[in-house]
$ cat upload_19.cif   # mmCIF, C-alpha atoms
data_query
loop_
_atom_site.label_atom_id
_atom_site.label_comp_id
_atom_site.auth_asym_id
_atom_site.auth_seq_id
_atom_site.Cartn_x
_atom_site.Cartn_y
_atom_site.Cartn_z
CA MET G 130 0.00 0.00 0.00
CA ARG G 131 1.46 3.35 0.81
CA LEU G 132 4.46 3.63 2.71
CA GLY G 133 3.33 3.27 4.97
CA ASP G 134 2.02 2.12 7.83
CA LEU G 135 2.38 1.62 11.40
CA HIS G 136 4.58 0.93 14.37
CA ARG G 137 3.90 -0.13 17.94
CA LYS G 138 0.38 1.30 18.08
CA GLY G 139 -1.69 1.26 21.23
CA PHE G 140 -4.94 1.72 19.38
CA ALA G 141 -8.52 0.76 19.32
CA SER G 142 -9.44 2.35 16.00
CA VAL G 143 -8.67 5.28 13.77
CA LEU G 144 -11.65 7.58 13.78
CA ARG G 145 -12.82 9.07 10.53
CA PRO G 146 -12.36 12.84 10.44
CA SER G 147 -15.37 15.04 10.88
CA ALA G 148 -17.07 16.58 7.88
CA ALA G 149 -15.63 19.95 8.79
CA LEU G 150 -12.14 18.50 8.91
CA VAL G 151 -12.52 16.81 5.54
CA ALA G 152 -14.09 19.77 3.82
CA GLY G 153 -11.91 22.47 5.14
CA THR G 154 -8.56 23.43 6.48
CA LEU G 155 -7.23 22.53 9.87
CA ILE G 156 -4.69 25.09 10.99
CA LEU G 157 -2.57 24.95 14.05
CA SER G 158 -1.47 28.49 14.87
CA LEU G 159 0.28 29.02 18.15
CA THR G 160 1.40 32.44 19.22
CA VAL G 161 4.99 32.37 20.35
CA CYS G 162 7.75 34.83 20.99
CA ASP G 163 9.82 35.97 18.03
CA SER G 164 13.32 34.66 17.69
CA SER G 165 16.36 36.48 16.51
CA GLY G 166 19.05 34.83 14.47
CA ALA G 167 22.47 35.56 13.15
CA GLY G 168 23.10 36.00 9.45
CA ALA G 169 21.27 37.78 6.66
CA SER G 170 18.14 36.23 5.23
CA THR G 171 16.73 36.39 1.73
CA ASP G 172 13.27 35.81 3.22
CA THR G 173 11.51 38.95 4.40
CA GLY G 174 7.92 37.74 4.81
CA THR G 175 6.19 37.06 8.10
CA ALA G 176 2.98 35.32 7.04
CA ALA G 177 2.11 31.81 8.20
CA LEU G 178 3.72 29.03 6.17
CA THR G 179 1.52 26.19 4.98
CA ILE G 180 2.26 22.47 4.91
CA ALA G 181 -0.50 20.62 3.09
CA VAL G 182 -1.55 17.11 4.06
CA PHE G 183 -2.60 15.75 0.67
CA ASN G 184 -4.03 12.32 1.41
CA PRO G 185 -7.35 10.50 1.63
CA PHE G 186 -9.57 11.81 4.43
CA SER G 187 -12.62 10.11 2.95
CA GLY G 188 -13.25 6.97 0.95
CA THR G 189 -11.82 3.49 1.40
CA ASP G 190 -8.46 4.70 2.71
CA ALA G 191 -9.76 7.53 4.89
CA SER G 192 -7.35 6.57 7.68
CA PHE G 193 -4.30 7.67 5.68
CA GLY G 194 -4.90 11.40 6.02
CA PRO G 195 -5.35 11.53 9.81
CA GLU G 196 -2.16 9.48 10.18
CA GLN G 197 -0.18 12.14 8.29
CA LEU G 198 -1.95 15.00 10.05
CA ALA G 199 -0.97 13.49 13.40
CA GLY G 200 2.66 14.02 12.41
CA CYS G 201 2.23 17.49 10.94
CA LEU G 202 0.44 19.14 13.87
CA PRO G 203 3.04 18.24 16.53
CA ALA G 204 5.86 19.32 14.22
CA ALA G 205 4.16 22.66 13.58
CA ALA G 206 3.71 23.19 17.31
CA ALA G 207 7.35 22.35 18.07
CA ILE G 208 8.61 24.65 15.30
CA GLU G 209 6.47 27.52 16.55
CA ALA G 210 7.65 26.90 20.10
CA ALA G 211 11.22 27.26 18.83
CA GLY G 212 10.45 30.68 17.37
CA GLY G 213 9.36 29.65 13.92
CA ILE G 214 11.24 29.59 10.63
CA LEU G 215 13.14 32.79 9.89
CA LYS G 216 10.54 35.54 10.42
CA HIS G 217 7.57 33.22 10.03
CA LYS G 218 6.18 32.54 13.49
CA LYS G 219 3.26 30.34 12.49
CA ILE G 220 2.98 27.05 10.59
CA SER G 221 -0.33 25.80 9.21
CA CYS G 222 -1.20 22.16 8.54
CA LYS G 223 -3.79 22.23 5.78
CA VAL G 224 -6.06 19.27 5.11
CA ALA G 225 -6.39 18.52 1.40
CA ASP G 226 -8.61 15.48 0.83
CA SER G 227 -7.56 13.46 -2.22
CA ARG G 228 -10.40 10.99 -1.54
CA GLY G 229 -8.03 8.22 -2.57
CA ASP G 230 -9.20 8.54 -6.16
CA PRO G 231 -7.11 9.96 -9.05
CA ALA G 232 -10.23 11.44 -10.66
CA ASP G 233 -10.84 13.55 -7.55
CA ALA G 234 -7.20 14.04 -6.64
CA VAL G 235 -6.05 15.70 -9.88
CA PRO G 236 -8.38 18.72 -9.64
CA ALA G 237 -7.80 18.85 -5.88
CA ALA G 238 -4.04 19.05 -6.43
CA SER G 239 -4.38 21.83 -8.98
CA GLN G 240 -6.76 23.75 -6.74
CA LEU G 241 -4.45 23.35 -3.76
CA ILE G 242 -1.55 24.91 -5.63
CA ALA G 243 -3.67 27.68 -7.13
CA THR G 244 -5.43 28.76 -3.95
CA THR G 245 -2.97 28.18 -1.09
CA SER G 246 -0.83 31.07 0.04
CA ASN G 247 2.71 30.33 1.22
CA LEU G 248 2.49 26.62 0.36
CA VAL G 249 6.01 25.42 1.14
CA GLY G 250 5.62 21.66 1.31
CA LEU G 251 3.40 18.63 1.22
CA LEU G 252 2.84 15.41 3.17
CA GLY G 253 1.71 12.93 0.53
CA PRO G 254 0.51 11.83 -1.91
CA SER G 255 -0.48 8.27 -1.02
CA SER G 256 -0.41 5.33 -3.41
CA ASP G 257 -4.04 5.92 -4.32
CA GLU G 258 -3.32 9.16 -6.16
CA ALA G 259 0.47 9.55 -6.39
CA SER G 260 0.91 8.50 -10.02
CA ALA G 261 -1.62 11.11 -11.11
CA THR G 262 -0.61 13.97 -8.81
CA VAL G 263 3.16 13.78 -8.21
CA PRO G 264 3.77 15.24 -11.70
CA ILE G 265 1.44 18.14 -10.86
CA PHE G 266 3.21 19.00 -7.62
CA ASN G 267 6.60 18.50 -9.22
CA ARG G 268 5.71 20.99 -11.97
CA GLY G 269 4.50 23.33 -9.25
CA LYS G 270 7.89 22.97 -7.54
CA ILE G 271 6.33 21.90 -4.23
CA PRO G 272 8.53 19.59 -2.11
CA MET G 273 6.49 16.51 -1.22
CA PHE G 274 7.17 13.65 1.16
CA GLY G 275 5.15 10.79 -0.26
CA ASP G 276 3.61 8.00 1.76
CA THR G 277 3.09 6.10 -1.47
CA GLY G 278 4.79 2.76 -1.65
CA GLN G 279 4.72 2.40 -5.43
CA ALA G 280 7.91 1.05 -6.93
CA VAL G 281 7.61 3.49 -9.84
CA PHE G 282 9.06 6.13 -7.51
CA ASN G 283 12.11 4.05 -6.60
CA LYS G 284 13.96 5.60 -9.51
CA SER G 285 11.98 8.58 -10.67
CA SER G 286 12.84 11.89 -12.29
CA PHE G 287 10.58 13.90 -9.99
CA THR G 288 13.12 16.03 -8.18
CA TYR G 289 10.65 17.48 -5.68
CA PHE G 290 9.53 14.03 -4.51
CA TYR G 291 11.04 12.57 -1.31
CA ARG G 292 10.28 9.36 0.57
CA ILE G 293 11.62 8.39 3.98
CA THR G 294 9.68 5.18 4.49
CA PRO G 295 10.39 1.99 2.52
CA ALA G 296 8.55 1.31 -0.70
CA ASP G 297 5.88 -1.35 -1.15
CA ASP G 298 8.30 -3.55 -3.06
CA ALA G 299 10.42 -3.73 0.10
CA THR G 300 7.29 -4.63 2.09
CA GLY G 301 6.68 -7.56 -0.25
CA TYR G 302 10.24 -8.77 0.13
CA ALA G 303 9.99 -8.56 3.93
CA MET G 304 6.81 -10.63 3.85
CA ALA G 305 8.45 -13.21 1.58
CA LEU G 306 11.47 -13.39 3.87
CA TYR G 307 9.27 -14.02 6.90
CA ALA G 308 7.35 -16.77 5.09
CA LYS G 309 10.63 -18.42 4.08
CA ASP G 310 11.95 -18.22 7.66
CA LYS G 311 8.75 -19.86 8.94
CA GLY G 312 9.21 -22.75 6.53
CA TYR G 313 6.10 -22.10 4.43
CA LYS G 314 6.35 -23.67 0.97
CA ARG G 315 2.94 -23.13 -0.60
CA VAL G 316 1.35 -19.70 -0.22
CA VAL G 317 -1.73 -18.07 -1.73
CA ALA G 318 -1.79 -14.33 -2.51
CA VAL G 319 -5.12 -12.61 -1.78
CA PHE G 320 -5.18 -8.90 -2.67
CA GLY G 321 -7.82 -6.27 -3.35
CA ASN G 322 -8.17 -4.92 -6.87
CA ASP G 323 -7.50 -1.29 -5.87
CA ILE G 324 -4.21 0.50 -6.57
CA SER G 325 -3.27 0.79 -2.91
CA SER G 326 -3.66 -2.92 -2.20
CA GLN G 327 -1.75 -4.01 -5.30
CA GLY G 328 1.56 -2.34 -4.40
CA SER G 329 3.23 -5.29 -2.69
CA LEU G 330 1.78 -8.09 -4.80
CA PRO G 331 4.50 -8.22 -7.49
CA THR G 332 7.41 -8.30 -5.08
CA VAL G 333 5.96 -10.63 -2.48
CA THR G 334 5.32 -13.03 -5.37
CA ALA G 335 8.75 -12.62 -6.96
CA GLY G 336 10.55 -12.56 -3.61
CA PHE G 337 8.91 -15.75 -2.34
CA LYS G 338 9.70 -17.57 -5.57
CA HIS G 339 13.29 -16.33 -5.41
CA LEU G 340 13.59 -17.73 -1.88
CA GLY G 341 12.37 -21.15 -2.99
CA GLY G 342 8.67 -20.89 -2.21
CA LYS G 343 5.70 -21.37 -4.51
CA ILE G 344 2.69 -19.10 -5.01
CA VAL G 345 0.02 -21.71 -5.58
CA ARG G 346 -2.77 -19.26 -6.41
CA THR G 347 -3.41 -15.52 -6.70
CA GLU G 348 -6.87 -14.12 -5.99
CA VAL G 349 -7.62 -10.47 -6.77
CA LEU G 350 -10.76 -9.46 -4.89
CA PRO G 351 -13.29 -6.87 -6.11
CA LEU G 352 -13.82 -4.60 -3.14
CA ASP G 353 -16.67 -4.70 -0.66
CA GLN G 354 -18.69 -7.61 -2.03
CA SER G 355 -21.24 -9.33 0.17
CA SER G 356 -19.56 -12.71 -0.37
CA TYR G 357 -16.30 -14.18 -1.66
CA ARG G 358 -17.41 -17.79 -1.64
CA THR G 359 -15.97 -18.54 -5.10
CA GLU G 360 -12.58 -17.08 -4.18
CA VAL G 361 -12.56 -18.85 -0.82
CA GLU G 362 -13.26 -22.19 -2.46
CA ALA G 363 -10.40 -21.60 -4.90
CA VAL G 364 -8.04 -20.79 -2.03
CA ALA G 365 -9.18 -23.87 -0.11
CA ALA G 366 -8.55 -26.07 -3.16
CA ALA G 367 -4.96 -24.81 -3.31
CA LYS G 368 -4.30 -26.06 0.26
CA PRO G 369 -1.91 -23.22 1.21
CA ASP G 370 0.49 -23.13 4.15
CA ALA G 371 -0.18 -19.39 4.52
CA ILE G 372 -1.78 -16.38 2.83
CA PHE G 373 -0.13 -13.13 1.72
CA THR G 374 -2.73 -10.38 1.79
CA GLU G 375 -3.94 -6.81 1.57
CA ALA G 376 -7.42 -5.47 0.88
CA ASP G 377 -9.60 -2.86 2.55
CA PRO G 378 -11.06 -3.69 6.00
CA GLN G 379 -14.56 -4.71 4.88
CA THR G 380 -13.31 -6.87 2.01
CA SER G 381 -10.78 -8.64 4.24
CA ALA G 382 -13.29 -9.16 7.03
CA THR G 383 -15.77 -10.80 4.68
CA PHE G 384 -13.14 -12.96 2.98
CA PHE G 385 -11.55 -14.30 6.17
CA ALA G 386 -14.90 -14.88 7.87
CA GLU G 387 -15.93 -17.08 4.94
CA LEU G 388 -12.54 -18.77 4.84
CA GLN G 389 -12.98 -19.70 8.49
CA GLN G 390 -16.52 -20.91 7.86
CA LEU G 391 -15.99 -22.83 4.62
CA TYR G 392 -12.42 -24.08 5.07
CA ARG G 393 -10.13 -23.16 7.91
CA LEU G 394 -7.83 -20.32 8.88
CA VAL G 395 -4.14 -20.53 7.95
CA PRO G 396 -1.31 -18.16 8.85
CA ILE G 397 -1.97 -14.66 7.48
CA ILE G 398 0.97 -12.44 6.47
CA GLY G 399 -0.27 -8.94 5.77
CA THR G 400 1.22 -5.82 4.22
CA THR G 401 1.58 -2.52 6.02
CA GLY G 402 -1.99 -1.76 4.98
CA THR G 403 -3.25 -4.54 7.22
CA THR G 404 -1.54 -3.03 10.26
CA GLN G 405 -3.97 -0.10 10.13
CA PRO G 406 -6.37 -0.01 13.11
CA PRO G 407 -9.53 -0.19 10.95
CA TRP G 408 -8.29 -3.35 9.22
CA LEU G 409 -7.33 -5.05 12.45
CA ALA G 410 -10.61 -4.11 14.12
CA ALA G 411 -12.73 -5.34 11.19
CA VAL G 412 -10.94 -8.68 10.84
CA LYS G 413 -10.91 -9.16 14.60
CA ARG G 414 -14.69 -8.86 14.64
CA ALA G 415 -14.94 -11.30 11.74
CA ILE G 416 -12.74 -14.14 13.01
CA SER G 417 -12.32 -13.30 16.73
CA GLY G 418 -9.45 -11.67 18.57
CA ALA G 419 -8.02 -15.03 19.59
CA ASN G 420 -7.81 -16.23 16.00
CA LEU G 421 -6.37 -12.94 14.76
CA LYS G 422 -3.68 -13.20 17.42
CA LYS G 423 -2.98 -16.83 16.54
CA TYR G 424 -2.79 -16.54 12.76
CA TYR G 425 -1.85 -12.96 11.84
CA VAL G 426 1.36 -10.96 11.43
CA GLY G 427 1.83 -7.75 9.47
CA ALA G 428 4.91 -6.17 7.90
CA GLN G 429 5.56 -2.50 8.51
CA PRO G 430 8.47 -0.05 8.46
CA TYR G 431 10.52 -0.24 11.61
CA ALA G 432 11.06 2.89 13.66
CA PRO G 433 12.79 2.67 17.04
CA ALA G 434 10.54 3.84 19.87
CA THR G 435 13.54 5.38 21.58
CA GLY G 436 15.95 8.24 21.14
CA PRO G 437 15.91 12.04 21.48
CA SER G 438 13.80 12.70 18.40
CA TYR G 439 11.23 10.08 19.38
CA THR G 440 11.03 11.62 22.85
CA ALA G 441 10.55 15.07 21.35
CA TRP G 442 7.93 13.70 18.95
CA THR G 443 5.83 12.12 21.69
CA ALA G 444 6.09 15.25 23.85
CA ALA G 445 4.96 17.45 20.95
CA LEU G 446 2.13 15.03 20.19
CA LYS G 447 0.99 15.28 23.80
CA SER G 448 1.03 19.07 23.59
CA VAL G 449 -1.49 19.04 20.70
CA ARG G 450 -3.43 15.95 21.73
CA SER G 451 -6.76 17.79 21.61
CA SER G 452 -6.14 18.80 17.96
CA VAL G 453 -5.00 15.53 16.39
CA PRO G 454 -7.46 12.87 15.23
CA GLN G 455 -8.60 10.93 18.27
CA PRO G 456 -7.61 8.95 20.20
CA ALA G 457 -4.24 10.70 20.26
CA SER G 458 -2.53 7.71 21.89
CA GLN G 459 -2.78 5.64 18.69
CA TRP G 460 -0.15 7.80 16.96
CA THR G 461 2.68 7.49 19.48
CA GLY G 462 4.11 4.41 17.80
CA ASP G 463 2.90 5.01 14.25
CA SER G 464 5.94 5.06 11.98
CA TYR G 465 4.07 6.97 9.30
CA SER G 466 3.07 9.71 11.71
CA GLU G 467 6.66 9.75 12.93
CA ALA G 468 7.85 10.03 9.32
CA ALA G 469 5.48 12.96 8.78
CA TRP G 470 6.98 14.66 11.85
CA ASP G 471 10.47 14.12 10.44
CA SER G 472 9.42 15.35 7.00
CA VAL G 473 8.14 18.65 8.34
CA ASN G 474 11.28 19.07 10.45
CA LEU G 475 13.51 18.43 7.43
CA MET G 476 11.70 21.00 5.32
CA ALA G 477 11.76 23.54 8.15
CA LEU G 478 15.48 23.05 8.78
CA ALA G 479 16.17 23.29 5.05
CA MET G 480 14.39 26.66 4.96
CA GLN G 481 16.34 27.82 7.99
CA ALA G 482 19.65 26.71 6.45
CA ALA G 483 18.85 28.26 3.07
CA LYS G 484 17.61 31.47 4.71
CA SER G 485 14.64 31.24 2.38
CA THR G 486 11.16 29.74 2.36
CA THR G 487 11.12 29.57 -1.45
CA PRO G 488 11.04 25.87 -2.41
CA THR G 489 13.36 26.29 -5.40
CA VAL G 490 15.93 27.76 -3.02
CA PHE G 491 15.66 25.53 0.05
CA LYS G 492 14.95 22.22 -1.71
CA SER G 493 18.62 21.35 -2.21
CA TYR G 494 19.23 21.59 1.53
CA ILE G 495 16.81 18.78 2.41
CA ALA G 496 19.14 15.93 1.41
CA LYS G 497 22.19 17.76 2.75
CA ILE G 498 20.64 18.00 6.19
CA ALA G 499 19.41 14.40 6.19
CA ASN G 500 22.61 12.86 4.84
CA GLY G 501 25.00 15.12 6.72
CA SER G 502 28.59 15.92 5.87
CA ALA G 503 32.00 15.86 7.53
CA GLY G 504 31.93 17.89 10.72
CA ALA G 505 28.16 18.18 10.81
CA VAL G 506 26.50 18.38 14.22
CA VAL G 507 23.86 15.72 14.82
CA VAL G 508 20.51 17.24 15.79
CA HIS G 509 17.22 15.56 16.64
CA THR G 510 14.72 18.42 16.65
CA PHE G 511 14.03 21.63 14.79
CA ALA G 512 15.01 23.62 17.87
CA GLU G 513 18.42 21.91 18.08
CA GLY G 514 18.99 22.32 14.37
CA LYS G 515 17.98 25.96 14.31
CA ALA G 516 20.32 26.77 17.20
CA ALA G 517 23.22 25.02 15.50
CA LEU G 518 22.56 26.76 12.19
CA LEU G 519 22.40 30.15 13.86
CA ALA G 520 25.75 29.33 15.44
CA GLY G 521 27.19 28.80 11.97
CA LYS G 522 27.39 25.00 12.14
CA ARG G 523 26.48 22.35 9.58
CA ILE G 524 23.89 19.85 10.77
CA LYS G 525 22.70 16.29 10.23
CA TYR G 526 19.15 15.51 11.29
CA VAL G 527 18.40 12.11 12.87
CA GLY G 528 14.66 11.66 13.23
CA ALA G 529 12.02 9.73 15.08
CA VAL G 530 12.22 7.04 12.39
CA GLY G 531 15.99 6.85 12.92
CA ASP G 532 18.72 7.70 10.46
CA ILE G 533 17.53 9.15 7.15
CA HIS G 534 19.80 8.94 4.13
CA PHE G 535 18.54 9.89 0.69
CA ASP G 536 19.84 8.21 -2.44
CA LYS G 537 20.05 10.06 -5.75
CA TYR G 538 16.34 9.45 -6.28
CA ASN G 539 15.43 11.02 -2.92
CA ASN G 540 14.49 7.68 -1.35
CA SER G 541 15.70 6.58 2.07
CA PRO G 542 15.67 2.79 2.57
CA GLY G 543 14.75 1.38 5.94
CA ALA G 544 14.23 -1.69 8.08
CA PHE G 545 11.04 -3.70 8.56
CA GLU G 546 9.39 -5.51 11.40
CA LEU G 547 6.67 -8.13 11.51
CA VAL G 548 4.16 -7.34 14.26
CA SER G 549 1.38 -9.27 15.90
CA SER G 550 -2.31 -8.41 15.93
CA ASP G 551 -1.94 -5.87 18.72
CA GLY G 552 0.25 -3.78 16.44
CA THR G 553 2.77 -3.33 19.26
CA THR G 554 4.55 -6.65 19.64
CA ALA G 555 7.41 -7.18 17.21
CA VAL G 556 7.65 -10.79 16.06
CA THR G 557 10.87 -10.23 14.13
CA THR G 558 12.84 -7.40 12.55
CA TYR G 559 14.73 -7.31 9.25
CA THR G 560 17.36 -4.78 8.23
CA ALA G 561 17.28 -3.17 4.78
CA THR G 562 20.21 -5.40 3.80
CA GLN G 563 18.33 -8.55 4.83
CA VAL G 564 15.22 -7.48 2.92
CA ASN G 565 17.30 -6.85 -0.20
CA LYS G 566 18.38 -10.49 -0.18
CA ALA G 567 14.87 -11.50 -1.13
CA LYS G 568 15.12 -9.52 -4.38
#
$ encode --input "upload_19.cif" --output "structure tokens"
Amino acid sequence: MRLGDLHRKGFASVLRPSAALVAGTLILSLTVCDSSGAGASTDTGTAALTIAVFNPFSGTDASFGPEQLAGCLPAAAAIEAAGGILKHKKISCKVADSRGDPADAVPAASQLIATTSNLVGLLGPSSDEASATVPIFNRGKIPMFGDTGQAVFNKSSFTYFYRITPADDATGYAMALYAKDKGYKRVVAVFGNDISSQGSLPTVTAGFKHLGGKIVRTEVLPLDQSSYRTEVEAVAAAKPDAIFTEADPQTSATFFAELQQLYRLVPIIGTTGTTQPPWLAAVKRAISGANLKKYYVGAQPYAPATGPSYTAWTAALKSVRSSVPQPASQWTGDSYSEAAWDSVNLMALAMQAAKSTTPTVFKSYIAKIANGSAGAVVVHTFAEGKAALLAGKRIKYVGAVGDIHFDKYNNSPGAFELVSSDGTTAVTTYTATQVNKAK
């Protein structure tokens, strides 16, 4: 699915945003004291800067947007508390609902660019709309930190596109590696027919075959049908050791309920999409919590729940807990919310380093600050980075997701973990090097 997905969540469910939140703009504007800084700046404006959260807030993947927003709002608060960026004291996090549909997302992207003052960056797009909208934002010269997992962006020419969570192809390889380590030989792939669900299917299939396993059947499910009896019978006839899967919550709940009724449950290895609270809650209701715990694991990007940046992230999240999508506690271990926090910090530090909030000027500083250079001071927050820059030092940012290092395509590879049905218990962890062995 997108890049996404989650890490050590203590959640019950992700709540859908209110109609007002979906339709409009959510702005966090905290009044803080001005800050002075050394060095001349090419930026003379003082108006609020806008970071847009361009993701689904409605539709099948409506949980994606709130997840990104939960990273943006704490980052905006922490940046404002540190005196803001240059002379800009306020940061706005603007909701831009893509609806998870390219047909809706394309005009929404164009409208966002045309009507948003001081738009300096973007969280998104997701896999649902990235192929259609990344070119639009790239032409608009808007830096974007995608939560799409599509492999097409592994080596792309879109210079304003960045990604700090592993791509879907890596998710598929991590799933294949886990299946191989568990000794499974015959696996069925069951995936929804939507763009988001399809992201990991090619690589989990190729990776498992490369590791010596056999995909004995592939079922592509039309979404949200009342029954999948035909597909369940085909899966049962294949007699699999396990199932690789991703589909939306309702589709998965119906499929696995019928699999349990008509055949039997087998180990379920899900993508990052299945680690979302709505998916887990729906399937839990369908097959019982005990069975979900017994049979399910999900692959997701690994982010260490420790370190100075993680501590700062959780403190900032707590400070805006009444503003983020509820319950706020579900985001504290969400690696995609953490990545959104890091993305905003990187853009803010790049602006501070470039002494400009113009994307064409500060863009080149993003990778420099993430990758670091000889003699660079390691910083973990915007406040630390700003202080070091004002002191004339070079910096390297290490975030809540850990070390970030962009390749020439602006992608930062990462580790994966397989988690249990509570979304908090790591079953096993694979480094980026280990995952690559499944390719």
$ closest_residue --input "upload_19.cif" --among "G:Val449, G:Leu475, G:Ala544, G:Ala207" --to "G:Thr300" --atoms "only C-alpha atoms"
G:Ala544
$ resolve_selection --input "upload_19.cif" --expression "the PyMOL selection byres ((chain G and resi 266) around 9)" --output "ChimeraX atom specification"
/G:238-239,242,251,262-265,267-273,289-290
$ write_last_selection --input "upload_19.cif" --atoms "C-alpha atoms" --output "compact mmCIF listing (two decimals), keeping the file's coordinate frame"
# COMPACT_ATOMS: atom_id res chain seq x y z
CA ALA G 238 -4.04 19.05 -6.43
CA SER G 239 -4.38 21.83 -8.98
CA ILE G 242 -1.55 24.91 -5.63
CA LEU G 251 3.40 18.63 1.22
CA THR G 262 -0.61 13.97 -8.81
CA VAL G 263 3.16 13.78 -8.21
CA PRO G 264 3.77 15.24 -11.70
CA ILE G 265 1.44 18.14 -10.86
CA ASN G 267 6.60 18.50 -9.22
CA ARG G 268 5.71 20.99 -11.97
CA GLY G 269 4.50 23.33 -9.25
CA LYS G 270 7.89 22.97 -7.54
CA ILE G 271 6.33 21.90 -4.23
CA PRO G 272 8.53 19.59 -2.11
CA MET G 273 6.49 16.51 -1.22
CA TYR G 289 10.65 17.48 -5.68
CA PHE G 290 9.53 14.03 -4.51
$ residues_near_point --input "upload_19.cif" --point "(4.0, 19.6, 14.0)" --cutoff "8 Å" --atoms "all atoms listed in the file" --output "PDB file with C-alpha atoms, in the frame of the given file"
ATOM      1  CA  ALA G 199      -0.970  13.490  13.400  1.00  0.00           C
ATOM      2  CA  GLY G 200       2.660  14.020  12.410  1.00  0.00           C
ATOM      3  CA  CYS G 201       2.230  17.490  10.940  1.00  0.00           C
ATOM      4  CA  LEU G 202       0.440  19.140  13.870  1.00  0.00           C
ATOM      5  CA  PRO G 203       3.040  18.240  16.530  1.00  0.00           C
ATOM      6  CA  ALA G 204       5.860  19.320  14.220  1.00  0.00           C
ATOM      7  CA  ALA G 205       4.160  22.660  13.580  1.00  0.00           C
ATOM      8  CA  ALA G 206       3.710  23.190  17.310  1.00  0.00           C
ATOM      9  CA  ALA G 207       7.350  22.350  18.070  1.00  0.00           C
ATOM     10  CA  ILE G 208       8.610  24.650  15.300  1.00  0.00           C
ATOM     11  CA  CYS G 222      -1.200  22.160   8.540  1.00  0.00           C
ATOM     12  CA  ALA G 445       4.960  17.450  20.950  1.00  0.00           C
ATOM     13  CA  LEU G 446       2.130  15.030  20.190  1.00  0.00           C
ATOM     14  CA  TRP G 470       6.980  14.660  11.850  1.00  0.00           C
ATOM     15  CA  VAL G 473       8.140  18.650   8.340  1.00  0.00           C
TER      16      VAL G 473
END
$ atom_distance --input "upload_19.cif" --atom1 "atom CA of G:Thr489" --atom2 "atom CA of G:Phe287"
13.5 Å
$ closest_residue --input "upload_19.cif" --among "G:Tyr424, G:Tyr526, G:Tyr357, G:Phe373" --to "G:Tyr302" --atoms "all atoms listed in the file"
G:Phe373
$ resolve_selection --input "upload_19.cif" --expression "the PyMOL selection byres ((chain G and resi 359-367) around 7)" --output "PyMOL selection string"
chain G and resi 317+345-346+348+357-358+368-369+387-388+392
$ write_last_selection --input "upload_19.cif" --atoms "C-alpha atoms" --output "CSV table (one decimal), in the frame of the given file"
chain,number,residue,atom,x,y,z
G,317,VAL,CA,-1.7,-18.1,-1.7
G,345,VAL,CA,0.0,-21.7,-5.6
G,346,ARG,CA,-2.8,-19.3,-6.4
G,348,GLU,CA,-6.9,-14.1,-6.0
G,357,TYR,CA,-16.3,-14.2,-1.7
G,358,ARG,CA,-17.4,-17.8,-1.6
G,368,LYS,CA,-4.3,-26.1,0.3
G,369,PRO,CA,-1.9,-23.2,1.2
G,387,GLU,CA,-15.9,-17.1,4.9
G,388,LEU,CA,-12.5,-18.8,4.8
G,392,TYR,CA,-12.4,-24.1,5.1
$ closest_residue --input "upload_19.cif" --among "G:Ala305, G:Leu198, G:Ala496, G:Leu215" --to "G:Leu519" --atoms "all atoms listed in the file"
G:Leu215
$ resolve_selection --input "upload_19.cif" --expression "the PyMOL selection byres ((chain G and resi 434-436) around 9)" --output "VMD selection string"
chain G and resid 136 to 137 432 to 433 437 to 441 461 to 462 509 528 to 531
$ atom_distance --input "upload_19.cif" --atom1 "atom CA of G:Tyr291" --atom2 "atom CA of G:Leu409"
28.9 Å
$ residues_around --input "upload_19.cif" --residues "G:Gln429" --least-positions-apart "5" --cutoff "10 Å" --atoms "all atoms listed in the file" --output "JSON, numbers by chain"
{"G": [132, 133, 134, 135, 136, 137, 294, 295, 297, 299, 300, 303, 304, 399, 400, 401, 402, 403, 404, 405, 463, 464, 465, 544, 545, 546, 547, 548, 552, 558]}
$ closest_residue --input "upload_19.cif" --among "G:Gln354, G:Asn184, G:Thr487, G:Gln459" --to "G:Thr277" --atoms "all atoms listed in the file"
G:Asn184
$ closest_residue --input "upload_19.cif" --among "G:Ile344, G:Val349, G:Ala444, G:Ala419" --to "G:Ser326" --atoms "only C-alpha atoms"
G:Val349
$ residues_around --input "upload_19.cif" --residues "G:Thr244" --least-positions-apart "5" --cutoff "12 Å" --atoms "all atoms listed in the file" --output "PDB file with C-alpha atoms, in the coordinates of the input"
ATOM      1  CA  THR G 179       1.520  26.190   4.980  1.00  0.00           C
ATOM      2  CA  ALA G 181      -0.500  20.620   3.090  1.00  0.00           C
ATOM      3  CA  LYS G 223      -3.790  22.230   5.780  1.00  0.00           C
ATOM      4  CA  ALA G 225      -6.390  18.520   1.400  1.00  0.00           C
ATOM      5  CA  PRO G 236      -8.380  18.720  -9.640  1.00  0.00           C
ATOM      6  CA  ALA G 237      -7.800  18.850  -5.880  1.00  0.00           C
ATOM      7  CA  ALA G 238      -4.040  19.050  -6.430  1.00  0.00           C
ATOM      8  CA  SER G 239      -4.380  21.830  -8.980  1.00  0.00           C
TER       9      SER G 239
END
$ closest_residue --input "upload_19.cif" --among "G:Asp370, G:Phe511, G:Gly341, G:Gly427" --to "G:Ala555" --atoms "only C-alpha atoms"
G:Gly427
$ atom_distance --input "upload_19.cif" --atom1 "atom CA of G:Gly501" --atom2 "atom CA of G:Phe535"
10.3 Å
$ residues_around --input "upload_19.cif" --residues "G:Pro254" --least-positions-apart "5" --cutoff "6 Å" --atoms "all atoms listed in the file" --output "list in words"
Phe183, Asn184, Ala259 and Gly275 of chain G
